[in-house]
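Novice: Dropping in coords.txt, with compact mmCIF, C-alpha atoms and all ligand atoms.
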```txt
# COMPACT_ATOMS: atom_id res chain seq x y z
CA MET D 8 0.00 0.00 0.00
CA ILE D 9 1.03 3.56 -0.65
CA ALA D 10 1.08 4.47 3.07
CA THR D 11 1.31 2.44 6.28
CA ASN D 12 -1.98 3.81 7.63
CA LEU D 13 -3.86 2.06 4.78
CA LYS D 14 -4.82 -1.61 5.08
CA ILE D 15 -7.15 -4.05 3.40
CA LYS D 16 -9.42 -6.16 5.62
CA ASP D 17 -11.96 -8.56 4.10
CA GLY D 18 -11.74 -6.68 0.80
CA VAL D 19 -12.45 -3.33 2.47
CA LEU D 20 -10.09 -0.33 2.72
CA GLU D 21 -9.16 0.63 6.25
CA PHE D 22 -7.60 3.99 7.06
CA ALA D 23 -6.00 4.67 10.45
CA GLY D 24 -7.64 1.46 11.68
CA PHE D 25 -11.18 2.49 10.62
CA SER D 26 -13.36 0.99 7.90
CA THR D 27 -13.61 3.74 5.28
CA PRO D 28 -17.05 2.67 3.92
CA ALA D 29 -18.46 2.69 7.46
CA LEU D 30 -17.21 6.28 7.96
CA ALA D 31 -18.63 7.36 4.60
CA ARG D 32 -22.01 5.91 5.56
CA LYS D 33 -21.94 7.60 8.95
CA TYR D 34 -20.76 11.08 7.91
CA GLY D 35 -21.81 11.22 4.24
CA THR D 36 -19.67 12.17 1.25
CA PRO D 37 -17.68 13.99 0.08
CA LEU D 38 -15.72 13.59 3.26
CA TYR D 39 -12.16 14.34 4.32
CA LEU D 40 -10.69 11.89 6.83
CA MET D 41 -7.60 12.81 8.86
CA ASP D 42 -5.40 10.38 10.79
CA GLU D 43 -4.42 12.24 13.97
CA GLN D 44 -1.68 9.82 14.97
CA ARG D 45 -0.03 10.21 11.57
CA ILE D 46 0.00 13.99 11.94
CA ARG D 47 1.57 13.60 15.39
CA ASP D 48 4.11 11.04 14.15
CA ASN D 49 5.14 13.36 11.30
CA CYS D 50 5.53 16.28 13.74
CA ARG D 51 7.62 14.11 16.08
CA MET D 52 9.83 12.82 13.29
CA TYR D 53 10.66 16.40 12.29
CA GLN D 54 11.19 17.77 15.76
CA LYS D 55 13.31 14.78 16.82
CA ALA D 56 15.55 15.04 13.74
CA MET D 57 15.81 18.83 14.02
CA THR D 58 16.92 18.84 17.67
CA GLU D 59 19.09 15.75 17.31
CA PHE D 60 21.03 17.08 14.33
CA PHE D 61 20.78 20.87 14.68
CA GLY D 62 20.66 21.13 18.48
CA GLU D 63 18.09 22.16 21.06
CA LYS D 64 17.46 25.62 19.59
CA ALA D 65 16.18 24.18 16.30
CA LEU D 66 12.44 24.38 15.72
CA THR D 67 9.97 22.97 13.23
CA LEU D 68 7.24 25.35 12.12
CA TYR D 69 4.12 23.77 10.70
CA ALA D 70 3.16 25.62 7.48
CA SER D 71 -0.53 26.26 8.17
CA LYS D 72 -1.34 26.86 4.52
CA ALA D 73 -1.28 23.09 3.89
CA LEU D 74 -4.28 22.53 6.18
CA CYS D 75 -5.76 25.02 8.61
CA PHE D 76 -8.55 24.60 11.16
CA LYS D 77 -8.61 24.88 14.94
CA ARG D 78 -7.98 21.23 15.81
CA MET D 79 -4.83 21.23 13.66
CA TYR D 80 -3.35 24.01 15.79
CA GLU D 81 -4.22 22.14 18.99
CA ILE D 82 -2.32 19.08 17.73
CA VAL D 83 0.65 21.11 16.50
CA SER D 84 0.79 23.01 19.79
CA ASP D 85 0.65 19.74 21.76
CA GLU D 86 3.58 18.47 19.73
CA GLY D 87 5.64 21.55 20.57
CA LEU D 88 6.02 22.90 17.04
CA GLY D 89 5.80 26.54 15.99
CA ILE D 90 3.68 27.68 13.05
CA ASP D 91 3.97 29.61 9.82
CA VAL D 92 0.90 31.77 9.16
CA VAL D 93 0.23 33.92 6.09
CA SER D 94 -3.01 35.79 6.64
CA SER D 95 -5.24 37.28 9.31
CA GLY D 96 -7.46 34.23 8.77
CA GLU D 97 -4.71 31.84 9.79
CA VAL D 98 -3.66 34.11 12.68
CA HIS D 99 -7.26 34.27 13.89
CA THR D 100 -7.77 30.49 13.66
CA ALA D 101 -4.55 29.80 15.57
CA ALA D 102 -5.31 32.42 18.24
CA LYS D 103 -8.85 31.05 18.71
CA ALA D 104 -7.40 27.55 19.07
CA GLY D 105 -5.27 28.84 21.93
CA PHE D 106 -1.98 28.44 20.05
CA PRO D 107 0.98 30.12 21.82
CA MET D 108 1.32 32.98 19.34
CA GLU D 109 4.88 33.82 20.38
CA LYS D 110 5.77 30.70 18.35
CA ALA D 111 4.01 32.01 15.22
CA PHE D 112 5.94 33.35 12.21
CA PHE D 113 3.95 35.66 9.96
CA HIS D 114 4.80 35.24 6.25
CA GLY D 115 3.29 36.46 3.02
CA ASN D 116 4.36 38.87 0.29
CA ASN D 117 1.61 41.40 0.87
CA LYS D 118 0.56 41.83 4.47
CA THR D 119 -1.92 44.69 4.64
CA ASP D 120 -1.71 47.30 7.40
CA GLU D 121 -4.77 45.61 8.91
CA ASP D 122 -3.03 42.20 8.85
CA ILE D 123 0.07 43.67 10.50
CA ALA D 124 -1.88 45.39 13.27
CA PHE D 125 -4.10 42.33 13.81
CA ALA D 126 -1.11 40.00 14.10
CA MET D 127 0.71 42.35 16.51
CA ASP D 128 -2.43 42.58 18.66
CA ARG D 129 -2.58 38.77 18.80
CA GLY D 130 1.06 38.63 19.93
CA VAL D 131 2.52 36.96 16.84
CA GLY D 132 6.17 36.35 17.76
CA TYR D 133 7.96 36.96 14.49
CA PHE D 134 7.26 38.73 11.22
CA VAL D 135 8.99 37.42 8.11
CA VAL D 136 9.37 40.63 6.14
CA ASP D 137 9.02 40.17 2.41
CA ASN D 138 9.92 43.55 0.93
CA VAL D 139 11.00 47.12 1.66
CA GLU D 140 7.53 48.71 1.67
CA GLU D 141 6.36 46.12 4.14
CA LEU D 142 9.42 46.74 6.30
CA TYR D 143 8.43 50.39 6.74
CA ALA D 144 4.77 49.51 7.26
CA ILE D 145 5.72 47.15 10.11
CA GLU D 146 8.04 49.79 11.60
CA HIS D 147 5.29 52.45 11.57
CA ILE D 148 2.68 50.18 13.09
CA ALA D 149 5.11 48.92 15.76
CA GLU D 150 5.97 52.55 16.58
CA ARG D 151 2.28 53.47 16.84
CA LYS D 152 1.69 50.54 19.18
CA GLY D 153 4.84 51.25 21.16
CA VAL D 154 6.31 47.78 20.62
CA THR D 155 9.52 46.34 19.23
CA GLN D 156 8.70 43.67 16.68
CA LYS D 157 11.04 40.75 16.09
CA CYS D 158 11.56 40.19 12.37
CA LEU D 159 13.27 37.87 9.92
CA LEU D 160 14.09 39.11 6.44
CA ARG D 161 12.95 36.99 3.53
CA VAL D 162 15.58 36.74 0.84
CA THR D 163 15.71 34.80 -2.42
CA PRO D 164 18.78 32.63 -2.78
CA GLY D 165 18.38 32.11 -6.54
CA ILE D 166 17.87 28.36 -6.44
CA ASP D 167 15.80 26.37 -8.92
CA PRO D 168 14.35 23.45 -6.93
CA HIS D 169 13.23 21.52 -10.06
CA THR D 170 9.57 21.32 -9.18
CA TYR D 171 6.49 22.72 -10.90
CA ASP D 172 6.53 26.45 -11.64
CA ALA D 173 3.58 27.29 -9.39
CA VAL D 174 5.55 26.28 -6.31
CA ALA D 175 9.13 27.26 -7.25
CA THR D 176 9.69 30.34 -5.10
CA GLY D 177 13.42 30.65 -4.49
CA LYS D 178 14.46 31.84 -7.94
CA VAL D 179 15.83 35.38 -8.35
CA ASP D 180 12.76 36.50 -10.30
CA SER D 181 10.29 35.20 -7.67
CA LYS D 182 7.49 37.41 -6.34
CA PHE D 183 8.65 36.48 -2.83
CA GLY D 184 11.55 37.99 -0.92
CA VAL D 185 14.50 40.16 -1.88
CA PRO D 186 17.26 38.68 -4.07
CA ILE D 187 20.77 38.17 -2.77
CA GLU D 188 22.34 38.03 -6.23
CA THR D 189 21.41 41.60 -7.20
CA GLY D 190 22.76 43.10 -3.97
CA GLN D 191 19.24 44.15 -2.93
CA ALA D 192 19.13 41.77 0.04
CA GLU D 193 22.13 43.54 1.57
CA GLU D 194 20.40 46.92 1.09
CA PHE D 195 17.26 45.42 2.62
CA TYR D 196 19.27 44.42 5.69
CA ASN D 197 20.73 47.92 5.96
CA TYR D 198 17.32 49.59 5.80
CA ALA D 199 15.98 47.14 8.39
CA ALA D 200 18.90 47.49 10.78
CA ALA D 201 18.32 51.26 10.98
CA LEU D 202 14.70 50.97 12.16
CA PRO D 203 14.23 51.49 15.90
CA HIS D 204 11.04 49.45 16.40
CA LEU D 205 12.25 46.34 14.64
CA GLU D 206 14.63 43.78 16.02
CA ILE D 207 16.13 41.84 13.12
CA VAL D 208 16.75 38.36 14.43
CA GLY D 209 17.25 36.29 11.32
CA LEU D 210 16.87 35.40 7.68
CA HIS D 211 14.31 33.34 5.84
CA CYS D 212 14.09 31.67 2.45
CA HIS D 213 11.86 29.06 0.86
CA VAL D 214 12.88 27.57 -2.45
CA GLY D 215 9.79 25.55 -3.37
CA SER D 216 7.47 22.68 -2.67
CA MET D 217 7.47 18.98 -3.70
CA VAL D 218 11.27 18.99 -3.62
CA PHE D 219 12.92 15.62 -4.26
CA ASP D 220 16.37 16.63 -5.52
CA GLU D 221 19.06 15.54 -3.08
CA ASP D 222 21.15 18.69 -2.79
CA VAL D 223 18.61 21.52 -3.04
CA TYR D 224 18.74 22.37 0.67
CA GLU D 225 22.54 22.14 0.82
CA ARG D 226 22.89 24.51 -2.14
CA THR D 227 20.35 26.86 -0.55
CA ALA D 228 22.04 26.69 2.85
CA GLN D 229 25.39 27.46 1.27
CA ILE D 230 24.11 30.68 -0.28
CA MET D 231 22.37 31.65 2.95
CA LEU D 232 25.40 30.93 5.16
CA GLU D 233 27.67 32.88 2.83
CA PHE D 234 25.23 35.79 2.94
CA MET D 235 25.16 35.53 6.75
CA ALA D 236 28.95 35.62 6.78
CA LYS D 237 28.93 38.75 4.64
CA LEU D 238 26.51 40.53 7.01
CA HIS D 239 28.55 39.30 9.96
CA ASP D 240 31.92 40.43 8.62
CA LYS D 241 30.74 43.77 7.19
CA TYR D 242 28.19 44.86 9.79
CA GLY D 243 28.73 42.57 12.79
CA PHE D 244 25.21 41.15 12.34
CA VAL D 245 24.62 37.82 14.04
CA THR D 246 21.83 35.79 12.43
CA GLN D 247 20.08 34.14 15.38
CA PHE D 248 17.49 32.31 13.29
CA LEU D 249 17.98 30.83 9.87
CA ASP D 250 14.69 29.61 8.42
CA LEU D 251 15.15 27.42 5.34
CA GLY D 252 11.44 27.10 4.52
CA GLY D 253 9.46 23.98 3.75
CA GLY D 254 9.14 21.79 0.71
CA TYR D 255 10.09 18.13 1.15
CA GLY D 256 8.12 16.08 -1.37
CA VAL D 257 5.69 13.29 -0.51
CA ARG D 258 4.57 10.16 -2.35
CA TYR D 259 1.19 10.30 -4.08
CA ARG D 260 1.59 7.09 -6.09
CA GLU D 261 3.14 3.71 -5.35
CA SER D 262 5.60 4.22 -8.24
CA GLU D 263 7.05 7.41 -6.69
CA GLY D 264 10.00 7.64 -4.31
CA VAL D 265 9.88 8.48 -0.63
CA VAL D 266 12.07 11.20 0.85
CA ASP D 267 13.81 10.01 4.02
CA ILE D 268 13.39 13.36 5.73
CA ALA D 269 15.23 12.54 8.97
CA TYR D 270 18.22 11.38 6.94
CA ARG D 271 18.10 14.50 4.76
CA ILE D 272 18.04 16.70 7.87
CA SER D 273 21.07 14.90 9.30
CA ALA D 274 23.01 15.33 6.04
CA LEU D 275 22.01 19.00 5.84
CA ALA D 276 23.12 19.60 9.44
CA ASP D 277 26.55 18.02 8.80
CA PHE D 278 27.02 20.15 5.71
CA MET D 279 25.95 23.38 7.43
CA LYS D 280 28.03 22.86 10.57
CA GLU D 281 31.16 22.34 8.55
CA LEU D 282 30.52 25.35 6.34
CA ALA D 283 29.62 27.64 9.28
CA ALA D 284 32.89 26.63 10.96
CA GLN D 285 34.84 27.44 7.78
CA LEU D 286 33.08 30.79 7.48
CA ASN D 287 33.70 31.42 11.16
CA ILE D 288 30.17 32.48 12.00
CA PRO D 289 28.07 31.55 15.04
CA PHE D 290 25.73 28.66 14.24
CA PRO D 291 22.09 29.87 14.13
CA ALA D 292 18.91 28.27 15.43
CA VAL D 293 17.73 26.47 12.30
CA LEU D 294 14.04 26.44 11.39
CA LEU D 295 12.21 24.36 8.79
CA GLU D 296 8.60 24.92 7.73
CA PRO D 297 7.05 21.71 6.45
CA GLY D 298 3.40 21.70 5.47
CA ARG D 299 2.74 18.92 2.99
CA SER D 300 5.00 16.34 4.66
CA ILE D 301 3.17 16.85 7.99
CA VAL D 302 -0.38 16.36 6.71
CA ALA D 303 -0.49 14.87 3.19
CA ASP D 304 -0.38 11.16 4.09
CA ALA D 305 -2.63 11.80 7.10
CA GLY D 306 -5.55 12.60 4.76
CA LEU D 307 -7.93 10.62 2.58
CA THR D 308 -11.07 11.76 0.73
CA MET D 309 -14.23 9.68 0.32
CA TYR D 310 -16.69 10.18 -2.54
CA THR D 311 -19.85 8.51 -3.83
CA VAL D 312 -20.10 7.61 -7.50
CA GLY D 313 -23.00 9.24 -9.32
CA SER D 314 -22.58 7.85 -12.82
CA VAL D 315 -20.38 5.67 -14.96
CA LYS D 316 -20.48 7.00 -18.49
CA ARG D 317 -19.08 4.68 -21.18
CA ILE D 318 -18.55 6.44 -24.48
CA LYS D 319 -18.27 3.51 -26.88
CA GLY D 320 -14.91 3.30 -28.58
CA TYR D 321 -13.64 6.35 -26.67
CA LYS D 322 -13.41 6.50 -22.91
CA ASN D 323 -15.17 6.04 -19.59
CA TYR D 324 -15.98 8.67 -17.00
CA VAL D 325 -16.76 7.99 -13.35
CA SER D 326 -18.40 11.07 -11.81
CA VAL D 327 -18.22 11.62 -8.07
CA ASP D 328 -20.08 13.94 -5.70
CA GLY D 329 -17.07 16.22 -5.11
CA GLY D 330 -14.34 17.45 -7.46
CA MET D 331 -12.20 20.52 -8.02
CA THR D 332 -14.11 22.28 -5.22
CA ASP D 333 -12.56 19.95 -2.61
CA ASN D 334 -9.41 19.02 -4.54
CA PRO D 335 -8.28 21.46 -7.27
CA ARG D 336 -4.79 20.00 -7.54
CA TYR D 337 -5.19 18.01 -10.75
CA ALA D 338 -6.85 20.98 -12.45
CA LEU D 339 -4.08 23.31 -11.26
CA TYR D 340 -0.93 21.20 -11.42
CA ARG D 341 -1.84 17.89 -13.07
CA SER D 342 -1.11 16.29 -9.70
CA GLN D 343 -1.12 12.53 -9.36
CA TYR D 344 -3.31 10.62 -6.91
CA THR D 345 -4.06 7.01 -6.00
CA VAL D 346 -7.75 6.09 -6.23
CA PHE D 347 -9.39 2.98 -4.75
CA ALA D 348 -12.85 1.41 -4.71
CA PRO D 349 -12.80 0.94 -0.93
CA GLU D 350 -15.60 -1.62 -0.75
CA ARG D 351 -14.02 -3.94 -3.32
CA MET D 352 -10.28 -3.78 -2.85
CA GLU D 353 -9.75 -7.31 -4.12
CA ALA D 354 -12.00 -7.12 -7.20
CA PRO D 355 -10.22 -7.15 -10.58
CA PRO D 356 -9.53 -3.66 -11.98
CA THR D 357 -11.33 -3.94 -15.33
CA LEU D 358 -12.70 -0.40 -15.68
CA HIS D 359 -10.31 2.13 -17.25
CA CYS D 360 -11.67 5.61 -16.56
CA ASP D 361 -11.20 9.25 -15.68
CA VAL D 362 -12.49 10.01 -12.19
CA VAL D 363 -14.17 13.40 -12.54
CA GLY D 364 -15.99 15.85 -10.30
CA ARG D 365 -19.43 17.42 -10.48
CA CYS D 366 -18.47 20.95 -11.46
CA CYS D 367 -19.44 22.52 -14.78
CA GLU D 368 -15.93 22.45 -16.14
CA SER D 369 -14.21 19.82 -18.28
CA ASP D 370 -10.98 20.16 -16.34
CA ASP D 371 -12.77 19.18 -13.15
CA ILE D 372 -10.81 15.95 -12.98
CA ILE D 373 -9.69 14.23 -9.80
CA GLN D 374 -7.51 11.76 -11.66
CA PRO D 375 -7.40 10.57 -15.29
CA ASP D 376 -6.48 7.07 -16.49
CA VAL D 377 -7.38 5.10 -13.40
CA TRP D 378 -8.03 1.34 -13.33
CA LEU D 379 -10.87 0.39 -10.98
CA PRO D 380 -13.27 -2.53 -10.55
CA GLU D 381 -16.65 -2.25 -12.29
CA LEU D 382 -18.63 0.54 -10.59
CA ARG D 383 -22.15 1.89 -10.51
CA ARG D 384 -24.11 4.71 -8.91
CA GLY D 385 -23.90 4.58 -5.13
CA ASP D 386 -20.47 2.90 -4.93
CA LEU D 387 -17.74 4.64 -2.97
CA LEU D 388 -14.32 5.88 -4.07
CA ALA D 389 -11.36 6.78 -1.86
CA VAL D 390 -8.59 9.18 -2.95
CA CYS D 391 -5.39 8.87 -0.90
CA THR D 392 -2.87 11.43 0.35
CA THR D 393 -5.25 14.38 0.28
CA GLY D 394 -4.30 15.92 3.64
CA ALA D 395 -2.30 18.80 2.16
CA TYR D 396 -3.63 21.60 -0.04
CA ASN D 397 -7.07 20.02 -0.56
CA TYR D 398 -9.40 21.37 2.15
CA ALA D 399 -7.01 24.34 2.36
CA MET D 400 -7.66 25.17 -1.30
CA ALA D 401 -11.35 24.27 -1.38
CA SER D 402 -13.64 26.66 -3.24
CA HIS D 403 -17.35 27.35 -3.55
CA TYR D 404 -17.41 27.01 -7.34
CA ASN D 405 -20.93 26.16 -8.49
CA ARG D 406 -21.99 27.02 -4.94
CA ILE D 407 -20.93 23.67 -3.65
CA PRO D 408 -20.51 23.71 0.14
CA ASN D 409 -17.21 22.63 1.73
CA ALA D 410 -16.91 19.01 2.84
CA PRO D 411 -16.41 18.19 6.53
CA ILE D 412 -13.25 16.89 8.18
CA VAL D 413 -13.47 13.90 10.47
CA MET D 414 -10.47 13.29 12.69
CA LEU D 415 -9.57 9.67 13.46
CA SER D 416 -7.66 8.70 16.58
CA SER D 417 -7.43 5.93 19.15
CA LYS D 418 -10.27 7.72 20.96
CA GLY D 419 -12.56 7.26 17.94
CA ALA D 420 -13.81 9.40 15.07
CA SER D 421 -14.88 13.00 15.67
CA VAL D 422 -15.95 15.89 13.48
CA ALA D 423 -13.21 18.54 13.43
CA VAL D 424 -14.85 20.71 10.74
CA LYS D 425 -18.60 20.44 10.13
CA ARG D 426 -20.15 20.05 6.71
CA GLU D 427 -21.06 23.48 5.38
CA THR D 428 -24.79 23.99 4.92
CA LEU D 429 -26.62 25.63 2.03
CA ASP D 430 -27.74 28.43 4.34
CA GLN D 431 -24.14 29.10 5.37
CA MET D 432 -23.37 29.49 1.67
CA ILE D 433 -25.78 32.43 1.35
CA LYS D 434 -25.28 34.01 4.77
CA ASN D 435 -23.35 37.00 3.41
CA ASP D 436 -25.63 37.61 0.44
CA ALA D 437 -27.26 40.99 1.10
N1 LIG I 501 7.10 27.98 3.82
C1 LIG I 501 6.73 28.85 2.86
C2 LIG I 501 7.20 30.21 2.91
C3 LIG I 501 5.90 28.39 1.81
O1 LIG I 501 5.55 29.24 0.85
C4 LIG I 501 5.46 27.05 1.80
C5 LIG I 501 4.59 26.57 0.74
C6 LIG I 501 5.84 26.20 2.85
C7 LIG I 501 6.69 26.71 3.83
C8 LIG I 501 5.39 24.77 2.94
O2 LIG I 501 5.83 24.00 1.88
P1 LIG I 501 5.52 22.42 1.86
O3 LIG I 501 6.34 21.80 2.95
O4 LIG I 501 4.08 22.26 2.11
O5 LIG I 501 5.93 21.99 0.51
N2 LIG I 501 -0.71 24.63 -3.44
C9 LIG I 501 0.49 23.92 -3.83
C10 LIG I 501 1.58 24.09 -2.81
C11 LIG I 501 1.92 25.53 -2.55
C12 LIG I 501 3.03 25.66 -1.56
C13 LIG I 501 3.16 27.09 -1.14
N3 LIG I 501 4.13 27.34 -0.16
C14 LIG I 501 0.16 22.44 -4.03
O6 LIG I 501 -0.99 22.05 -3.81
O7 LIG I 501 1.02 21.67 -4.44
```
Transcribe the structure of this file into structure tokens.
Ligand code: LLP
Specialist:
Amino acid sequence: MIATNLKIKDGVLEFAGFSTPALARKYGTPLYLMDEQRIRDNCRMYQKAMTEFFGEKALTLYASKALCFKRMYEIVSDEGLGIDVVSSGEVHTAAKAGFPMEKAFFHGNNKTDEDIAFAMDRGVGYFVVDNVEELYAIEHIAERKGVTQKCLLRVTPGIDPHTYDAVATGKVDSKFGVPIETGQAEEFYNYAAALPHLEIVGLHCHVGSMVFDEDVYERTAQIMLEFMAKLHDKYGFVTQFLDLGGGYGVRYRESEGVVDIAYRISALADFMKELAAQLNIPFPAVLLEPGRSIVADAGLTMYTVGSVKRIKGYKNYVSVDGGMTDNPRYALYRSQYTVFAPERMEAPPTLHCDVVGRCCESDDIIQPDVWLPELRRGDLLAVCTTGAYNYAMASHYNRIPNAPIVMLSSKGASVAVKRETLDQMIKNDA
């Protein structure tokens, strides 16, 4: 099986020890299922590797954008991680969940004045400043509030992480951060260092998502450490925090590789310690910001089949009761997924089809070219590895309400996000 939390028992797909058809019957479809223990195990794997190889000051920040709702923040807080937040919505959700906001890092390339003030009022610990205009906006708001705001500066190291364009963010021409190569990052530091209400405590970069290449983080770290050495030697600046972003890839299909993240962290730590010693700079507290690799394999989506259309001599379509509204990733990135018929896991896969959603759009495809057993209206389908960037990117296209999230743990199944109702859909219509 593609992940260890998936099993087959009596021909039925089990997820996190629960019968998936039984959950679909109880909660209805479309339905997101989340395996709480898997989220916790992923958090622990990161935090253990980070402190073991980088030392006690190292911290893992969960990148909220991958999946954000109150229960997620309770779990992440329990596990001792910090968080990356990018909007007032994420700040609000975390604060309402009782997350210790001093461990929150506020990212984003266009924080509005309202966002900045809101985050300061909620006690967000660190701002990751994206650009010069934002730097001055944060300074003015901190001055008005009479506070000193801790900040990291986001710079672009000029690394191509060899992933899809939509998620490659570390290149010089990226919309995020200030480039090192052009000399602008050094200017950025100088502007920041002169501001009395900001305390510049570190540097941040993020090169991309779904990163599999072996040496991407080493190459990134090299550029960052050399930049740190320059600021150290020229201006005496000590980088306390070096945040290298998120991005480790996960496996969506059996045929794909698995990144041994703990091993990669140990190799990265060895490389960085040696280079920092050569450059003669103090070793910083290293931060990583995984999103996908914390939640992707902890999620699974259940659907009910509505029709099986066989176009003679052409192709077959299996339509389900969800689609690009709950999972836009195939439409956006041609992302791969593994699809099962969870009630008949041992039946021969004789139906070659595209699994498509219910939206009025031809590209509303969950996954093309899938082999499944013969299906008919009322049968269930399960799509694996949907924990990251599915619910988080859900839309209301065609006025389809958002699906609920049911959290599975040793204590049982419980609703963490309720199914949206039709009345909730129109509540803001004047
Ligand atoms: N830190 C920053 C600054 C980021 O921009 C991101 C992701 C992360 C951390 C977490 O990266 P991860 O570990 O999840 O790869 N919607 C796309 C993914 C967009 C990623 C955006 N930034 C998708 O569905 O593939």
Novice: So, with all atoms listed in the file as the atoms that count, which of D:Ile207, D:Ala73, D:Ala102, D:Ile148 lies closest to ligand LIG 501 (chain I)?
Specialist: D:Ala73
Novice: Within 8 Å of ligand LIG 501 (chain I), counting only C-alpha atoms and all ligand atoms: which residues, as JSON, numbers by chain?
Specialist: {"D": [69, 70, 72, 73, 91, 114, 115, 173, 174, 176, 212, 213, 215, 216, 217, 218, 252, 253, 254, 255, 256, 295, 296, 297, 298, 299, 300, 301, 336, 340, 342, 395, 396, 397, 400]}
Novice: For each of D:Val325, D:Leu429, D:Val92, D:Ile9, take the minimum atom-to-atom distance to Gly264 (chain D), counting only C-alpha atoms, then give the residue where this is smallest.
Specialist: D:Ile9
Novice: Between CA of Asp361 (chain D) and CA of Thr11 (chain D), what is the distance in Å, rounded to a tenth?
Specialist: 26.2 Å
Novice: Which residues, written as a PDB file with C-alpha atoms, in the frame of the given file, have at least one atom at most 9 Å from region 49-52 of chain D, with all atoms listed in the file counted and residues fewer than 4 positions away on the same chain left out?
Specialist:
```pdb
ATOM      1  CA  GLN D  44      -1.680   9.820  14.970  1.00  0.00           C
ATOM      2  CA  ARG D  45      -0.030  10.210  11.570  1.00  0.00           C
ATOM      3  CA  ALA D  56      15.550  15.040  13.740  1.00  0.00           C
ATOM      4  CA  MET D  57      15.810  18.830  14.020  1.00  0.00           C
ATOM      5  CA  THR D  67       9.970  22.970  13.230  1.00  0.00           C
ATOM      6  CA  TYR D  69       4.120  23.770  10.700  1.00  0.00           C
ATOM      7  CA  VAL D  83       0.650  21.110  16.500  1.00  0.00           C
ATOM      8  CA  GLU D  86       3.580  18.470  19.730  1.00  0.00           C
ATOM      9  CA  GLY D  87       5.640  21.550  20.570  1.00  0.00           C
ATOM     10  CA  LEU D  88       6.020  22.900  17.040  1.00  0.00           C
ATOM     11  CA  ILE D 268      13.390  13.360   5.730  1.00  0.00           C
ATOM     12  CA  ALA D 269      15.230  12.540   8.970  1.00  0.00           C
ATOM     13  CA  SER D 300       5.000  16.340   4.660  1.00  0.00           C
ATOM     14  CA  ILE D 301       3.170  16.850   7.990  1.00  0.00           C
ATOM     15  CA  VAL D 302      -0.380  16.360   6.710  1.00  0.00           C
ATOM     16  CA  ALA D 305      -2.630  11.800   7.100  1.00  0.00           C
TER      17      ALA D 305
END
```
Novice: Wanna dump the region 248-327 of chain D-region 220-226 of chain D contacts at 8 Å for me, each residue with its shortest atom pair and the distance in Å to one decimal, counting all atoms listed in the file, ordered by chain and number, as JSON lines?
Specialist:
```
{"residue": "D:Leu251", "atom": "CA", "partner": "D:Tyr224", "partner_atom": "CA", "distance": 7.8}
{"residue": "D:Arg271", "atom": "CA", "partner": "D:Glu221", "partner_atom": "CA", "distance": 8.0}
{"residue": "D:Leu275", "atom": "CA", "partner": "D:Glu225", "partner_atom": "CA", "distance": 5.9}
{"residue": "D:Phe278", "atom": "CA", "partner": "D:Glu225", "partner_atom": "CA", "distance": 6.9}
{"residue": "D:Met279", "atom": "CA", "partner": "D:Glu225", "partner_atom": "CA", "distance": 7.5}
```
